[in-house]
Amino acid sequence: MPMALIAAKRVLFGLLGAMTATTAMAQTAAQTPTKVPRSVVETSATQPVPEFRDPKTGQVWTQNNVGTSPIGKPTPADLAFDPLGQATRIDGVVIQRPAVALLGWSPPSAGPNVPLVSLDNASLSAIAGKRWQVALYVNNNANGIMLPMIDCRFTNAGKTVQETRVLVPALGAGIRAGVLIYGPKTDLFVDRAHCRIVSP
């Protein structure tokens, strides 16, 4: 009888040990932090449609209604600009080191659901006769100095026109800054810009 009792105790202690180890492993797995995704912004061009008012008829002409009158078919000059037909791409990656405008400060909030650096409020526009540009805000959510690196891709109908890497100057803890990122010259058509944090 004592042998059976000793064997039963060994089995009981073995089961308790296995349960304790399983519980400890489950708690460790639950405490493992998940990786916070990096910040990404995407913006479309927001240019007003240029218009011309005919002083005689009062008719307002835009690129959307030129050549649609019943007078005749569009001429080759009317059809000369086809943004979807553009196949130009600037080779390589353009490196930029822009100045930043410090806009404010907020308490650092990086954590399980907030990235160390985030982007927001991006807008794509064209400076007539010069370049496309993206204006956006960079937020340092960390409790220390960060050197953000941003990749931007300027596209036309989904095709890349230019890629650029932006090396943002050091931002202190909690700093919000405005950044202007330049794209290709405006003789190339761009309808979208996709910017994302690549570091940190």
# chains A, B, ... in the order shown; residues from 1 in each chain; ligands from 1
$ residues_around --residues "Asn141 of chain A" --least-positions-apart "4" --cutoff "9 Å" --atoms "only C-alpha atoms" --output "CSV table (one decimal) with C-alpha atoms, in the first residue's frame"
chain,number,residue,atom,x,y,z
A,106,SER,CA,2.0,67.1,-26.7
A,107,PRO,CA,2.8,64.6,-24.0
A,108,PRO,CA,4.5,61.5,-25.5
A,109,SER,CA,2.0,58.7,-26.1
A,110,ALA,CA,3.8,55.9,-27.8
A,111,GLY,CA,2.7,52.5,-26.7
A,114,VAL,CA,0.6,54.2,-31.0
A,115,PRO,CA,3.7,54.2,-33.2
A,116,LEU,CA,6.9,56.1,-32.1
A,117,VAL,CA,6.5,58.5,-35.0
A,118,SER,CA,3.3,59.1,-37.0
A,173,ALA,CA,9.9,64.2,-27.4
A,174,GLY,CA,6.3,65.1,-28.1
A,175,ILE,CA,7.1,67.5,-31.0
A,176,ARG,CA,4.7,68.0,-33.9
$ atom_distance --atom1 "atom CA of Gly129 of chain A" --atom2 "atom CA of Thr186 of chain A"
6.1 Å
$ atom_distance --atom1 "atom CA of Trp132 of chain A" --atom2 "atom CA of Gln96 of chain A"
14.0 Å
$ atom_distance --atom1 "atom CA of Ile197 of chain A" --atom2 "atom CA of Gln86 of chain A"
28.1 Å
